[in-house]
Structures are given as structure tokens and as C-alpha cells.
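What follows is coords-v1.csv (CSV, C-alpha atoms).
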```
chain,number,residue,atom,x,y,z
A,144,MET,CA,-83.8,-89.3,142.1
A,145,GLY,CA,-82.1,-87.4,139.4
A,146,SER,CA,-80.8,-83.9,140.4
A,147,LEU,CA,-82.5,-80.8,139.2
A,148,GLN,CA,-81.0,-80.0,135.8
A,149,LEU,CA,-80.3,-76.3,135.4
A,150,GLN,CA,-79.3,-76.6,131.7
A,151,ASP,CA,-83.0,-76.8,130.8
A,152,PHE,CA,-83.6,-73.4,132.5
A,153,ALA,CA,-80.6,-71.9,130.7
A,154,ALA,CA,-81.7,-73.3,127.4
A,155,GLY,CA,-85.2,-72.1,128.0
A,156,TRP,CA,-83.9,-68.6,128.6
A,157,VAL,CA,-82.1,-68.6,125.2
A,158,GLY,CA,-85.3,-69.9,123.5
A,159,GLY,CA,-87.4,-67.3,125.2
A,160,ALA,CA,-85.2,-64.4,124.1
A,161,ALA,CA,-85.2,-65.7,120.5
A,162,SER,CA,-88.9,-65.9,120.4
A,163,VAL,CA,-89.4,-62.4,121.7
A,164,VAL,CA,-87.4,-60.7,119.0
A,165,VAL,CA,-89.3,-62.7,116.4
A,166,GLY,CA,-92.7,-62.3,117.9
A,167,HIS,CA,-92.9,-58.9,119.5
A,168,PRO,CA,-94.0,-56.9,116.5
A,169,LEU,CA,-96.9,-59.3,116.0
A,170,ASP,CA,-97.7,-59.2,119.7
A,171,THR,CA,-98.1,-55.4,119.6
A,172,ILE,CA,-100.6,-55.8,116.7
A,173,LYS,CA,-102.4,-58.6,118.6
A,174,THR,CA,-102.9,-56.5,121.7
A,175,ARG,CA,-104.1,-53.5,119.8
A,176,LEU,CA,-106.5,-55.5,117.8
A,177,GLN,CA,-107.9,-57.2,120.8
A,178,ALA,CA,-108.1,-54.4,123.3
A,179,GLY,CA,-107.8,-51.2,121.1
A,180,GLN,CA,-110.3,-49.5,118.9
A,181,GLY,CA,-110.5,-48.4,115.3
A,182,TYR,CA,-107.9,-50.7,113.7
A,183,GLY,CA,-110.1,-52.9,111.6
A,184,ASN,CA,-108.3,-55.9,110.4
A,185,THR,CA,-104.7,-57.1,110.9
A,186,LEU,CA,-103.3,-55.5,107.7
A,187,ASN,CA,-104.9,-52.2,108.5
A,188,CYS,CA,-103.5,-52.3,112.0
A,189,VAL,CA,-100.0,-53.0,110.7
A,190,LEU,CA,-100.2,-50.0,108.3
A,191,THR,CA,-101.6,-47.7,110.9
A,192,VAL,CA,-98.9,-48.5,113.4
A,193,TYR,CA,-96.3,-48.1,110.7
A,194,ARG,CA,-97.6,-44.8,109.5
A,195,ASN,CA,-98.0,-43.3,112.9
A,196,GLU,CA,-95.0,-44.7,114.8
A,197,SER,CA,-92.7,-46.2,112.1
A,198,VAL,CA,-90.8,-49.4,112.7
A,199,ALA,CA,-90.1,-48.5,116.4
A,200,GLY,CA,-93.8,-48.7,117.1
A,201,PHE,CA,-93.8,-52.5,116.6
A,202,PHE,CA,-91.0,-52.9,119.2
A,203,LYS,CA,-92.7,-50.7,121.8
A,204,GLY,CA,-92.2,-52.1,125.3
A,205,MET,CA,-89.9,-54.9,124.1
A,206,SER,CA,-87.1,-54.6,126.7
A,207,PHE,CA,-89.5,-55.7,129.4
A,208,PRO,CA,-90.8,-58.9,127.7
A,209,LEU,CA,-87.2,-59.6,126.5
A,210,ALA,CA,-86.1,-59.7,130.1
A,211,SER,CA,-89.2,-61.3,131.4
A,212,ILE,CA,-90.1,-63.8,128.7
A,213,ALA,CA,-86.6,-65.1,128.8
A,214,VAL,CA,-86.9,-65.8,132.5
A,215,TYR,CA,-90.4,-67.0,131.9
A,216,SER,CA,-89.7,-69.6,129.3
A,217,SER,CA,-86.6,-70.6,131.2
A,218,VAL,CA,-89.0,-71.5,134.1
A,219,VAL,CA,-91.5,-73.2,131.8
A,220,PHE,CA,-89.0,-75.4,130.0
A,221,GLY,CA,-87.0,-76.0,133.2
A,222,VAL,CA,-90.1,-77.0,135.2
A,223,PHE,CA,-91.5,-79.0,132.3
A,224,SER,CA,-88.5,-81.1,131.5
A,225,ASN,CA,-87.6,-81.6,135.2
A,226,THR,CA,-91.2,-82.7,136.0
A,227,GLN,CA,-91.1,-85.0,133.1
A,228,ARG,CA,-87.9,-86.6,134.2
A,229,LEU,CA,-89.2,-86.9,137.8
A,230,LEU,CA,-92.3,-88.7,136.5
A,231,SER,CA,-90.2,-91.1,134.4
A,232,GLN,CA,-88.0,-91.7,137.4
A,233,LEU,CA,-91.1,-92.5,139.6
A,234,ARG,CA,-92.8,-94.6,137.0
A,235,HIS,CA,-89.9,-96.5,135.4
A,236,GLY,CA,-87.0,-95.8,137.7
A,237,ASP,CA,-85.2,-94.2,134.8
A,238,PRO,CA,-85.4,-90.4,134.3
A,239,SER,CA,-84.2,-90.6,130.6
A,240,ARG,CA,-87.0,-93.0,129.5
A,241,THR,CA,-89.3,-91.6,126.8
A,242,PRO,CA,-92.3,-90.2,128.7
A,243,ALA,CA,-95.8,-91.5,128.2
A,244,LEU,CA,-98.4,-89.1,126.9
A,245,ALA,CA,-100.0,-88.7,130.3
A,246,ASP,CA,-96.7,-87.7,131.7
A,247,VAL,CA,-96.1,-85.0,129.0
A,248,ALA,CA,-99.6,-83.7,129.8
A,249,LEU,CA,-99.1,-83.6,133.5
A,250,ALA,CA,-95.7,-81.9,133.1
A,251,SER,CA,-97.3,-79.4,130.8
A,252,MET,CA,-100.0,-78.6,133.4
A,253,VAL,CA,-97.4,-78.1,136.2
A,254,ALA,CA,-95.5,-75.8,133.8
A,255,GLY,CA,-98.7,-73.9,133.1
A,256,PHE,CA,-99.5,-73.3,136.8
A,257,VAL,CA,-96.0,-72.2,137.6
A,258,SER,CA,-95.9,-69.9,134.5
A,259,VAL,CA,-99.1,-68.1,135.4
A,260,SER,CA,-97.8,-67.2,138.9
A,261,ILE,CA,-94.9,-65.5,137.3
A,262,GLY,CA,-96.4,-64.6,133.9
A,263,SER,CA,-99.6,-63.0,135.1
A,264,PRO,CA,-98.0,-59.8,136.6
A,265,VAL,CA,-95.6,-59.6,133.7
A,266,ASP,CA,-98.3,-59.7,131.1
A,267,LEU,CA,-100.4,-57.2,133.0
A,268,VAL,CA,-97.5,-54.7,132.9
A,269,LYS,CA,-96.8,-55.4,129.2
A,270,ILE,CA,-100.5,-54.9,128.3
A,271,ARG,CA,-100.9,-51.7,130.3
A,272,LEU,CA,-97.8,-50.3,128.7
A,273,GLN,CA,-99.0,-51.3,125.2
A,274,MET,CA,-102.4,-49.8,125.8
A,275,GLN,CA,-101.8,-46.6,127.6
A,276,THR,CA,-101.3,-44.6,124.4
A,277,GLN,CA,-104.7,-45.7,123.1
A,278,PRO,CA,-107.6,-43.3,123.0
A,279,TYR,CA,-110.0,-44.3,125.7
A,280,ILE,CA,-113.6,-44.4,124.4
A,281,LYS,CA,-116.5,-45.3,126.6
A,282,ALA,CA,-120.1,-44.4,125.7
A,283,ASN,CA,-118.7,-41.3,123.8
A,284,ILE,CA,-117.4,-39.8,127.0
A,285,LYS,CA,-113.7,-39.1,126.4
A,286,LEU,CA,-111.8,-39.5,129.6
A,287,GLU,CA,-109.1,-36.9,129.8
A,288,PRO,CA,-105.9,-38.4,131.1
A,289,THR,CA,-104.4,-36.4,134.0
A,290,VAL,CA,-102.4,-34.4,131.4
A,291,PRO,CA,-103.8,-34.7,127.9
A,292,GLY,CA,-101.7,-37.2,125.9
A,293,SER,CA,-99.4,-38.1,128.7
A,294,PRO,CA,-98.8,-41.7,129.5
A,295,VAL,CA,-100.1,-43.0,132.8
A,296,TYR,CA,-97.0,-45.1,133.4
A,297,ARG,CA,-93.4,-44.1,132.9
A,298,GLY,CA,-92.1,-47.6,132.4
A,299,PRO,CA,-92.4,-51.2,133.6
A,300,ILE,CA,-91.2,-50.7,137.2
A,301,HIS,CA,-93.3,-47.6,137.6
A,302,CYS,CA,-96.3,-49.4,136.2
A,303,PHE,CA,-95.9,-52.3,138.5
A,304,ARG,CA,-95.5,-50.1,141.5
A,305,THR,CA,-98.6,-48.0,140.6
A,306,VAL,CA,-100.8,-51.0,140.1
A,307,LEU,CA,-99.6,-52.5,143.4
A,308,GLN,CA,-100.3,-49.2,145.3
A,309,LYS,CA,-103.7,-48.6,143.7
A,310,GLU,CA,-105.0,-52.1,143.2
A,311,GLY,CA,-103.0,-54.3,145.6
A,312,ILE,CA,-101.9,-57.9,144.9
A,313,ALA,CA,-105.3,-58.6,143.4
A,314,GLY,CA,-104.6,-55.9,140.8
A,315,ILE,CA,-101.2,-57.4,139.9
A,316,TYR,CA,-102.9,-60.8,139.4
A,317,ARG,CA,-105.9,-59.4,137.5
A,318,GLY,CA,-106.7,-61.8,134.7
A,319,ALA,CA,-104.8,-64.7,136.3
A,320,GLY,CA,-108.0,-66.8,136.3
A,321,ALA,CA,-108.4,-66.3,132.5
A,322,MET,CA,-104.7,-66.9,132.1
A,323,LEU,CA,-104.9,-70.3,134.0
A,324,LEU,CA,-107.7,-71.3,131.7
A,325,ARG,CA,-105.6,-70.2,128.7
A,326,ASP,CA,-102.2,-71.7,129.8
A,327,VAL,CA,-102.9,-75.0,131.5
A,328,PRO,CA,-104.7,-76.4,128.4
A,329,GLY,CA,-102.5,-74.2,126.2
A,330,TYR,CA,-99.2,-75.8,127.4
A,331,CYS,CA,-100.7,-79.3,126.9
A,332,LEU,CA,-101.5,-78.3,123.3
A,333,TYR,CA,-97.9,-76.9,123.1
A,334,PHE,CA,-95.7,-79.7,124.4
A,335,ILE,CA,-97.8,-82.7,123.4
A,336,PRO,CA,-97.9,-81.9,119.6
A,337,TYR,CA,-94.2,-80.9,119.8
A,338,THR,CA,-93.2,-84.1,121.4
A,339,PHE,CA,-95.4,-86.1,119.0
A,340,PHE,CA,-94.3,-84.3,115.8
A,341,CYS,CA,-90.7,-84.4,116.8
A,342,GLY,CA,-90.8,-88.1,117.4
A,343,TRP,CA,-92.7,-88.6,114.1
A,344,ILE,CA,-90.4,-86.5,111.9
A,345,THR,CA,-87.1,-87.7,113.4
A,346,PRO,CA,-85.8,-90.7,111.5
A,347,ASP,CA,-85.3,-93.8,113.6
A,348,GLY,CA,-81.9,-94.2,115.0
A,349,ASN,CA,-81.4,-90.5,115.5
A,350,ILE,CA,-81.3,-89.6,119.2
A,351,SER,CA,-81.9,-85.9,118.8
A,352,PRO,CA,-84.1,-84.3,116.1
A,353,ASN,CA,-82.4,-82.2,113.5
A,354,PRO,CA,-83.0,-78.4,113.4
A,355,ALA,CA,-85.4,-78.6,110.5
A,356,SER,CA,-87.8,-80.9,112.3
A,357,ILE,CA,-87.5,-78.9,115.5
A,358,TRP,CA,-88.4,-75.8,113.6
A,359,LEU,CA,-91.4,-77.5,112.0
A,360,ALA,CA,-92.6,-79.3,115.1
A,361,GLY,CA,-92.2,-76.2,117.2
A,362,GLY,CA,-94.0,-74.1,114.7
A,363,VAL,CA,-96.9,-76.4,114.3
A,364,ALA,CA,-97.2,-76.8,118.1
A,365,GLY,CA,-97.2,-73.0,118.5
A,366,ALA,CA,-99.8,-72.4,115.9
A,367,ILE,CA,-102.1,-75.1,117.4
A,368,SER,CA,-101.6,-74.0,120.9
A,369,TRP,CA,-102.1,-70.2,120.2
A,370,GLY,CA,-105.0,-70.7,117.9
A,371,THR,CA,-106.9,-72.7,120.5
A,372,ALA,CA,-105.9,-70.4,123.3
A,373,THR,CA,-107.2,-67.2,121.5
A,374,PRO,CA,-110.7,-66.9,123.2
A,375,MET,CA,-109.1,-67.0,126.7
A,376,ASP,CA,-106.4,-64.7,125.5
A,377,VAL,CA,-108.9,-62.1,124.4
A,378,VAL,CA,-110.6,-62.2,127.8
A,379,LYS,CA,-107.2,-62.0,129.6
A,380,SER,CA,-106.1,-59.0,127.4
A,381,ARG,CA,-109.3,-57.2,128.2
A,382,LEU,CA,-109.2,-57.9,131.9
A,383,GLN,CA,-105.6,-56.7,132.1
A,384,ALA,CA,-106.0,-53.6,129.8
A,385,ASP,CA,-109.1,-52.7,131.8
A,386,GLY,CA,-108.1,-50.4,134.6
A,387,VAL,CA,-105.7,-48.1,132.8
A,388,TYR,CA,-108.5,-45.6,133.3
A,389,LEU,CA,-111.6,-47.4,134.7
A,390,ASN,CA,-112.5,-50.8,135.8
A,391,LYS,CA,-115.5,-52.1,133.8
A,392,TYR,CA,-115.2,-55.9,134.4
A,393,LYS,CA,-115.8,-57.6,137.7
A,394,GLY,CA,-113.9,-60.7,136.8
A,395,THR,CA,-113.3,-63.4,134.2
A,396,LEU,CA,-116.9,-64.5,133.9
A,397,ASP,CA,-118.2,-60.9,133.8
A,398,CYS,CA,-115.7,-60.1,131.1
A,399,ILE,CA,-116.8,-63.1,129.0
A,400,LEU,CA,-120.5,-62.2,129.4
A,401,GLN,CA,-120.1,-58.4,128.7
A,402,SER,CA,-117.9,-59.0,125.7
A,403,TYR,CA,-120.4,-61.6,124.3
A,404,GLN,CA,-123.4,-59.3,124.9
A,405,ASN,CA,-121.8,-56.3,123.3
A,406,GLU,CA,-119.9,-57.9,120.4
A,407,GLY,CA,-121.2,-61.4,119.9
A,408,LEU,CA,-119.3,-64.7,119.6
A,409,LYS,CA,-116.8,-63.4,117.0
A,410,VAL,CA,-115.1,-61.1,119.6
A,411,PHE,CA,-113.5,-64.2,121.2
A,412,PHE,CA,-111.7,-65.0,117.9
A,413,ARG,CA,-110.2,-61.5,117.5
A,414,GLY,CA,-106.6,-61.8,116.7
A,415,ILE,CA,-106.8,-65.5,116.0
A,416,THR,CA,-105.0,-65.2,112.6
A,417,VAL,CA,-102.3,-63.1,114.1
A,418,ASN,CA,-102.0,-65.5,117.1
A,419,ALA,CA,-101.7,-68.6,114.9
A,420,VAL,CA,-99.4,-66.9,112.5
A,421,ARG,CA,-97.3,-65.5,115.3
A,422,GLY,CA,-97.4,-68.8,117.1
A,423,PHE,CA,-95.5,-70.5,114.3
A,424,PRO,CA,-92.3,-68.4,114.1
A,425,MET,CA,-92.2,-67.6,117.8
A,426,SER,CA,-92.6,-71.1,118.9
A,427,SER,CA,-90.1,-72.5,116.3
A,428,ALA,CA,-87.6,-69.9,117.4
A,429,MET,CA,-88.2,-70.8,121.0
A,430,PHE,CA,-87.8,-74.6,120.5
A,431,LEU,CA,-84.8,-74.1,118.2
A,432,GLY,CA,-83.1,-71.8,120.7
A,433,TYR,CA,-83.9,-74.3,123.5
A,434,GLU,CA,-82.8,-77.5,121.8
A,435,LEU,CA,-79.7,-76.1,120.1
A,436,SER,CA,-78.4,-74.4,123.2
A,437,LEU,CA,-79.2,-77.5,125.3
A,438,LYS,CA,-77.2,-79.6,122.8
A,439,ALA,CA,-74.3,-77.1,122.9
A,440,MET,CA,-74.2,-77.2,126.7
A,441,LYS,CA,-74.3,-81.0,126.8
A,442,ARG,CA,-71.5,-81.2,124.2
A,443,ASP,CA,-69.4,-78.8,126.3
A,444,GLN,CA,-70.1,-80.9,129.3
A,445,THR,CA,-68.9,-84.1,127.7
A,446,GLU,CA,-65.8,-82.4,126.5
A,447,THR,CA,-64.9,-80.9,129.8
A,448,ASN,CA,-65.5,-84.0,131.9
A,449,PRO,CA,-64.8,-87.1,129.8
```

Output the structure of this file as C-alpha cells.
Amino acid sequence: MGSLQLQDFAAGWVGGAASVVVGHPLDTIKTRLQAGQGYGNTLNCVLTVYRNESVAGFFKGMSFPLASIAVYSSVVFGVFSNTQRLLSQLRHGDPSRTPALADVALASMVAGFVSVSIGSPVDLVKIRLQMQTQPYIKANIKLEPTVPGSPVYRGPIHCFRTVLQKEGIAGIYRGAGAMLLRDVPGYCLYFIPYTFFCGWITPDGNISPNPASIWLAGGVAGAISWGTATPMDVVKSRLQADGVYLNKYKGTLDCILQSYQNEGLKVFFRGITVNAVRGFPMSSAMFLGYELSLKAMKRDQTETNP
């Protein structure tokens, strides 16, 4: 069996970091549209954040995802490509064989499961930090935070500790069910279109796709996967934002039902434009970072040990 290749993890790390810098401003807008109140449409939200908090407002809480998403996509890409190689090894006895569609799907699912176990707490902390400056409105009773206007959490570590103390492990993994329902199919719709488009755009005889086709294939895959994942993403954002002050949802199903009863079907498509639009550059940045750094590492390797 082929050894575990660590290059994929390293390349995934680079890709993740690239995608955060590109995507975080849009992520802030997405979270506020989905879980906040009074922003109206995407453009209005952009203007409001800009007017009230200037450019820095879009990068709020970025250090945490920068560290965590880099690790996170490192794990996703590492697990994905190593699983894929293992499956090719088991099936054909050759890890470098082009994988069948079923293998890409299976490797994506494994990556999805692994990513939720790491990503769920990370996302919870990110969303709590993004949402704590929001006015909390419930049935016209304004809840006074302990000190008016003061944030509940001082930073990522403090937020993580507070949630762990108050709500236990279950609190840290709040929304993990919704996240599994979002990410397991989500990664299939991420890696499969990418693999397919890359093979389709790359001219025959070229072993590795050129940067332009990586950019395009990665972007399209990102837009598809994020667009389709939006309904579960809304549910996950709500479950995870819930609990900054009060818990109003009992679980995934309860959140789906309550959101539907109060706001109708359209609520599940909140932020779909910003998701699909953000999916493109983030995902193309991620795949470019991944493929190019992987190529560079392999080139170095062949130079150092001929």
C-alpha cells in the first residue's frame, strides 16, 4: 500500500489560506444575512457594514478562520487524495490510476465526515464571534447583554472555553448534524465536478491541468457545491448562532420547522447568491493554491533526489 502522502496536507493548507483571504469579506456578509436582522439584500448589507465598520468590518474574526481553515482544508485535501489513492490501490493495485467516479464520491464522503468533526467547533466559534455584536431581537423584548454593548466573548479561545463550560461537548458540536447533511453531499458536489471539469478542459497529453483550467474548474465546482449546500448552511448558521443569548432551537429538525413556519421556504435560500458568488473565487483560490504548491513540492522532490 502506498504511504500516506503528507504533501497533500501541506498543499491543502496553502489552498485553504488563499481561499480565506479571498472569501472572508463575503463570509461575514453571508453570516449576517442568514442569522442577523435588518440588512435587507446583499448590497444593502455590504453598504451597512462598510458605513458602520469600514473595511476592517469585513475582516472581523479572520485570524481564527485563517488558522483553522488552513488546517481544515489541509485535512480535507489530505484525507480526500489519500483515500482516493488507497481506493485505486485496492481496486487496481495502482494508487496513481485515474479514480472511478464512485471512488471520487466515496473519498469525498470520507473527507466530509472527517471535516465535520474538526470543522463543526471551528464554525461554531466563528459564527458566535461574528454574531455577538448583533442586536438581539426576540418578540420585541430586547435582551440586555450583561454590560450593554459589551461582547459576550473576548476572542476565539475564550469563546470556545465559555461554550464548553456552559453547554459541554454537545454545545461545541451544536449544528454538527446540519453540517453533516451539508458537507457530505457538499464535498461530493465539490470534488466530482472539479475532477470532471479538470479532465474535460485539460488537453489530452497534458498530465497536469494548467492554472487557467484549475481556476475555472475549481470555481465552477465551488459555485455548484455552495449553491446546493445553502439550505443546510442556513440551518447550521442558525443553530450555531443560537445560544449567544438564548437557545430557541431544540435541534436540526426543529430549526428547519421553526424557520419554515416563521419565514416560509425562501428562508432556506437566504444568502444563496453570496454563497455561489463567494464559492467561485474561494474555491478557485483554494484549488489553485493546492495544485500549484503540490506541483512545486513535487518538482523540488525530483530535483533533490534524482

Can you write out as a Markdown table which residues of region 189-307 of chain A fall within 12 Å of region 426-445 of chain A, alongside each residue's closest atom pair and its distance in Å to one decimal, counting only C-alpha atoms and ordering rows by chain and ascending residue number?
```
| residue | atom | partner | partner_atom | distance |
| --- | --- | --- | --- | --- |
| A:Ile212 | CA | A:Met429 | CA | 10.6 |
| A:Ala213 | CA | A:Met429 | CA | 9.8 |
| A:Tyr215 | CA | A:Met429 | CA | 11.8 |
| A:Ser216 | CA | A:Met429 | CA | 8.5 |
| A:Ser217 | CA | A:Tyr433 | CA | 9.0 |
| A:Val219 | CA | A:Tyr433 | CA | 11.3 |
| A:Phe220 | CA | A:Tyr433 | CA | 8.3 |
| A:Gly221 | CA | A:Tyr433 | CA | 10.3 |
| A:Ser224 | CA | A:Tyr433 | CA | 11.5 |
```

Using all atoms listed in the file, find the one residue out of A:Ile172, A:Ile357, A:Ile312, A:Val247 that sits nearest to Gly342 (chain A).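 Distance minimum relative to Gly342 (chain A) lands on A:Ile357.
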
Looking at A:Met375, A:Leu396, A:Ile261, A:Cys341, which one is nearest to Leu324 (chain A), with distances taken over all atoms listed in the file?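 Among the listed residues, A:Met375 lies closest to Leu324 (chain A).
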
Please measure the separation of CA of Ala366 (chain A) and CA of Val420 (chain A), giving the value in Å to one decimal.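 We find that CA of Ala366 (chain A) and CA of Val420 (chain A) lie 6.5 Å from each other.
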
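Between CA of Thr174 (chain A) and CA of Thr395 (chain A) the interatomic distance comes to 17.7 Å.
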
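Counting only C-alpha atoms, Ala245 (chain A) has the following residues at most 10 Å away, ignoring those fewer than 4 positions along the same chain: A:Leu230, A:Leu249, A:Ala250, A:Ser251, A:Ile335.
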
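Nearest residue to Met322 (chain A), choosing from A:Arg271, A:Lys409, A:Arg297, A:Arg381 and counting all atoms listed in the file: A:Arg381.
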
d(CA of Val327 (chain A), CA of Gly262 (chain A)) in Å: 12.5 Å

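Nearest to Thr373 (chain A) of all the residues A:Ala153, A:Cys302, A:Ala419, A:Ala210 is A:Ala419, based on only C-alpha atoms.
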
Residue neighbourhood Ser231 (chain A), 9 Å, all atoms listed in the file, exclusion window fewer than 5 positions, as JSON, numbers by chain: {"A": [226, 236, 237, 238, 239, 240, 241, 242, 243, 246]}

Identify, on the basis of all atoms listed in the file, every residue whose closest approach to region 267-269 of chain A does not exceed 10 Å; exclude the query and any residue fewer than 5 positions from it along the same chain; express the result as a PyMOL selection string. chain A and resi 171+174+203-205+207-208+211+262+274+296+298-304+306+314-319+379-380+382-385

Kindly extract all protein, DNA and RNA residues lying within 12 Å of the coordinates (-109.2, -53.2, 116.7) given in the file, considering all atoms listed in the file, and supply them as a ChimeraX atom specification. /A:171-189,191-192,274,277-278,377,410,413-414

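Among A:Leu149, A:Val214, A:Ala364, A:Ala160, the residue with the shortest atom-to-atom distance to Pro336 (chain A), counting only C-alpha atoms, is A:Ala364.
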
Could region 236-260 of chain A be completed with N, CA, C and O atoms and returned as a short mmCIF file (atom, residue, chain, number, x, y, z; two decimals), keeping the file's coordinate frame?
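Listing of selection00.cif after writing:
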```cif
data_model
loop_
_atom_site.label_atom_id
_atom_site.label_comp_id
_atom_site.auth_asym_id
_atom_site.auth_seq_id
_atom_site.Cartn_x
_atom_site.Cartn_y
_atom_site.Cartn_z
N GLY A 236 -88.32 -95.78 137.08
CA GLY A 236 -87.00 -95.80 137.70
C GLY A 236 -85.88 -95.35 136.82
O GLY A 236 -84.71 -95.55 137.10
N ASP A 237 -86.25 -94.71 135.71
CA ASP A 237 -85.20 -94.20 134.80
C ASP A 237 -85.63 -92.86 134.22
O ASP A 237 -86.56 -92.78 133.41
N PRO A 238 -84.96 -91.78 134.67
CA PRO A 238 -85.40 -90.40 134.30
C PRO A 238 -85.26 -90.16 132.77
O PRO A 238 -85.93 -89.27 132.24
N SER A 239 -84.41 -90.93 132.06
CA SER A 239 -84.20 -90.60 130.60
C SER A 239 -85.15 -91.42 129.73
O SER A 239 -85.07 -91.32 128.52
N ARG A 240 -86.05 -92.22 130.33
CA ARG A 240 -87.00 -93.00 129.50
C ARG A 240 -87.92 -92.02 128.75
O ARG A 240 -88.27 -90.95 129.23
N THR A 241 -88.34 -92.42 127.56
CA THR A 241 -89.30 -91.60 126.80
C THR A 241 -90.59 -91.53 127.56
O THR A 241 -91.15 -92.58 127.90
N PRO A 242 -91.07 -90.33 127.88
CA PRO A 242 -92.30 -90.20 128.70
C PRO A 242 -93.54 -90.61 128.02
O PRO A 242 -93.66 -90.44 126.80
N ALA A 243 -94.48 -91.14 128.78
CA ALA A 243 -95.80 -91.50 128.20
C ALA A 243 -96.58 -90.18 128.00
O ALA A 243 -96.25 -89.13 128.56
N LEU A 244 -97.61 -90.28 127.17
CA LEU A 244 -98.40 -89.10 126.90
C LEU A 244 -98.98 -88.44 128.12
O LEU A 244 -98.95 -87.22 128.25
N ALA A 245 -99.46 -89.26 129.06
CA ALA A 245 -100.00 -88.70 130.30
C ALA A 245 -98.98 -87.90 131.07
O ALA A 245 -99.30 -86.88 131.68
N ASP A 246 -97.73 -88.38 131.03
CA ASP A 246 -96.70 -87.70 131.70
C ASP A 246 -96.36 -86.32 131.09
O ASP A 246 -96.14 -85.32 131.76
N VAL A 247 -96.36 -86.31 129.76
CA VAL A 247 -96.10 -85.00 129.00
C VAL A 247 -97.26 -84.07 129.40
O VAL A 247 -97.02 -82.90 129.68
N ALA A 248 -98.50 -84.58 129.45
CA ALA A 248 -99.60 -83.70 129.80
C ALA A 248 -99.52 -83.18 131.20
O ALA A 248 -99.73 -81.98 131.44
N LEU A 249 -99.16 -84.05 132.14
CA LEU A 249 -99.10 -83.60 133.50
C LEU A 249 -97.94 -82.59 133.71
O LEU A 249 -98.11 -81.56 134.36
N ALA A 250 -96.79 -82.87 133.07
CA ALA A 250 -95.70 -81.90 133.10
C ALA A 250 -96.05 -80.58 132.54
O ALA A 250 -95.68 -79.52 133.04
N SER A 251 -96.85 -80.61 131.45
CA SER A 251 -97.30 -79.40 130.80
C SER A 251 -98.19 -78.57 131.76
O SER A 251 -98.11 -77.35 131.82
N MET A 252 -99.07 -79.29 132.50
CA MET A 252 -100.00 -78.60 133.40
C MET A 252 -99.22 -77.95 134.56
O MET A 252 -99.50 -76.81 134.93
N VAL A 253 -98.24 -78.68 135.09
CA VAL A 253 -97.40 -78.10 136.20
C VAL A 253 -96.72 -76.85 135.64
O VAL A 253 -96.72 -75.80 136.30
N ALA A 254 -96.16 -76.94 134.43
CA ALA A 254 -95.50 -75.80 133.80
C ALA A 254 -96.48 -74.63 133.66
O ALA A 254 -96.14 -73.48 133.89
N GLY A 255 -97.72 -74.96 133.26
CA GLY A 255 -98.70 -73.90 133.10
C GLY A 255 -99.05 -73.20 134.38
O GLY A 255 -99.08 -71.97 134.41
N PHE A 256 -99.23 -73.96 135.48
CA PHE A 256 -99.50 -73.30 136.80
C PHE A 256 -98.36 -72.44 137.23
O PHE A 256 -98.56 -71.30 137.64
N VAL A 257 -97.13 -72.96 137.15
CA VAL A 257 -96.00 -72.20 137.60
C VAL A 257 -95.83 -70.92 136.74
O VAL A 257 -95.56 -69.84 137.24
N SER A 258 -96.07 -71.08 135.42
CA SER A 258 -95.90 -69.90 134.50
C SER A 258 -96.88 -68.82 134.80
O SER A 258 -96.55 -67.66 134.66
N VAL A 259 -98.11 -69.18 135.19
CA VAL A 259 -99.10 -68.10 135.40
C VAL A 259 -98.73 -67.32 136.67
O VAL A 259 -98.89 -66.10 136.69
N SER A 260 -98.18 -67.99 137.68
CA SER A 260 -97.80 -67.20 138.90
C SER A 260 -96.75 -66.19 138.61
O SER A 260 -96.73 -65.13 139.21
#
```
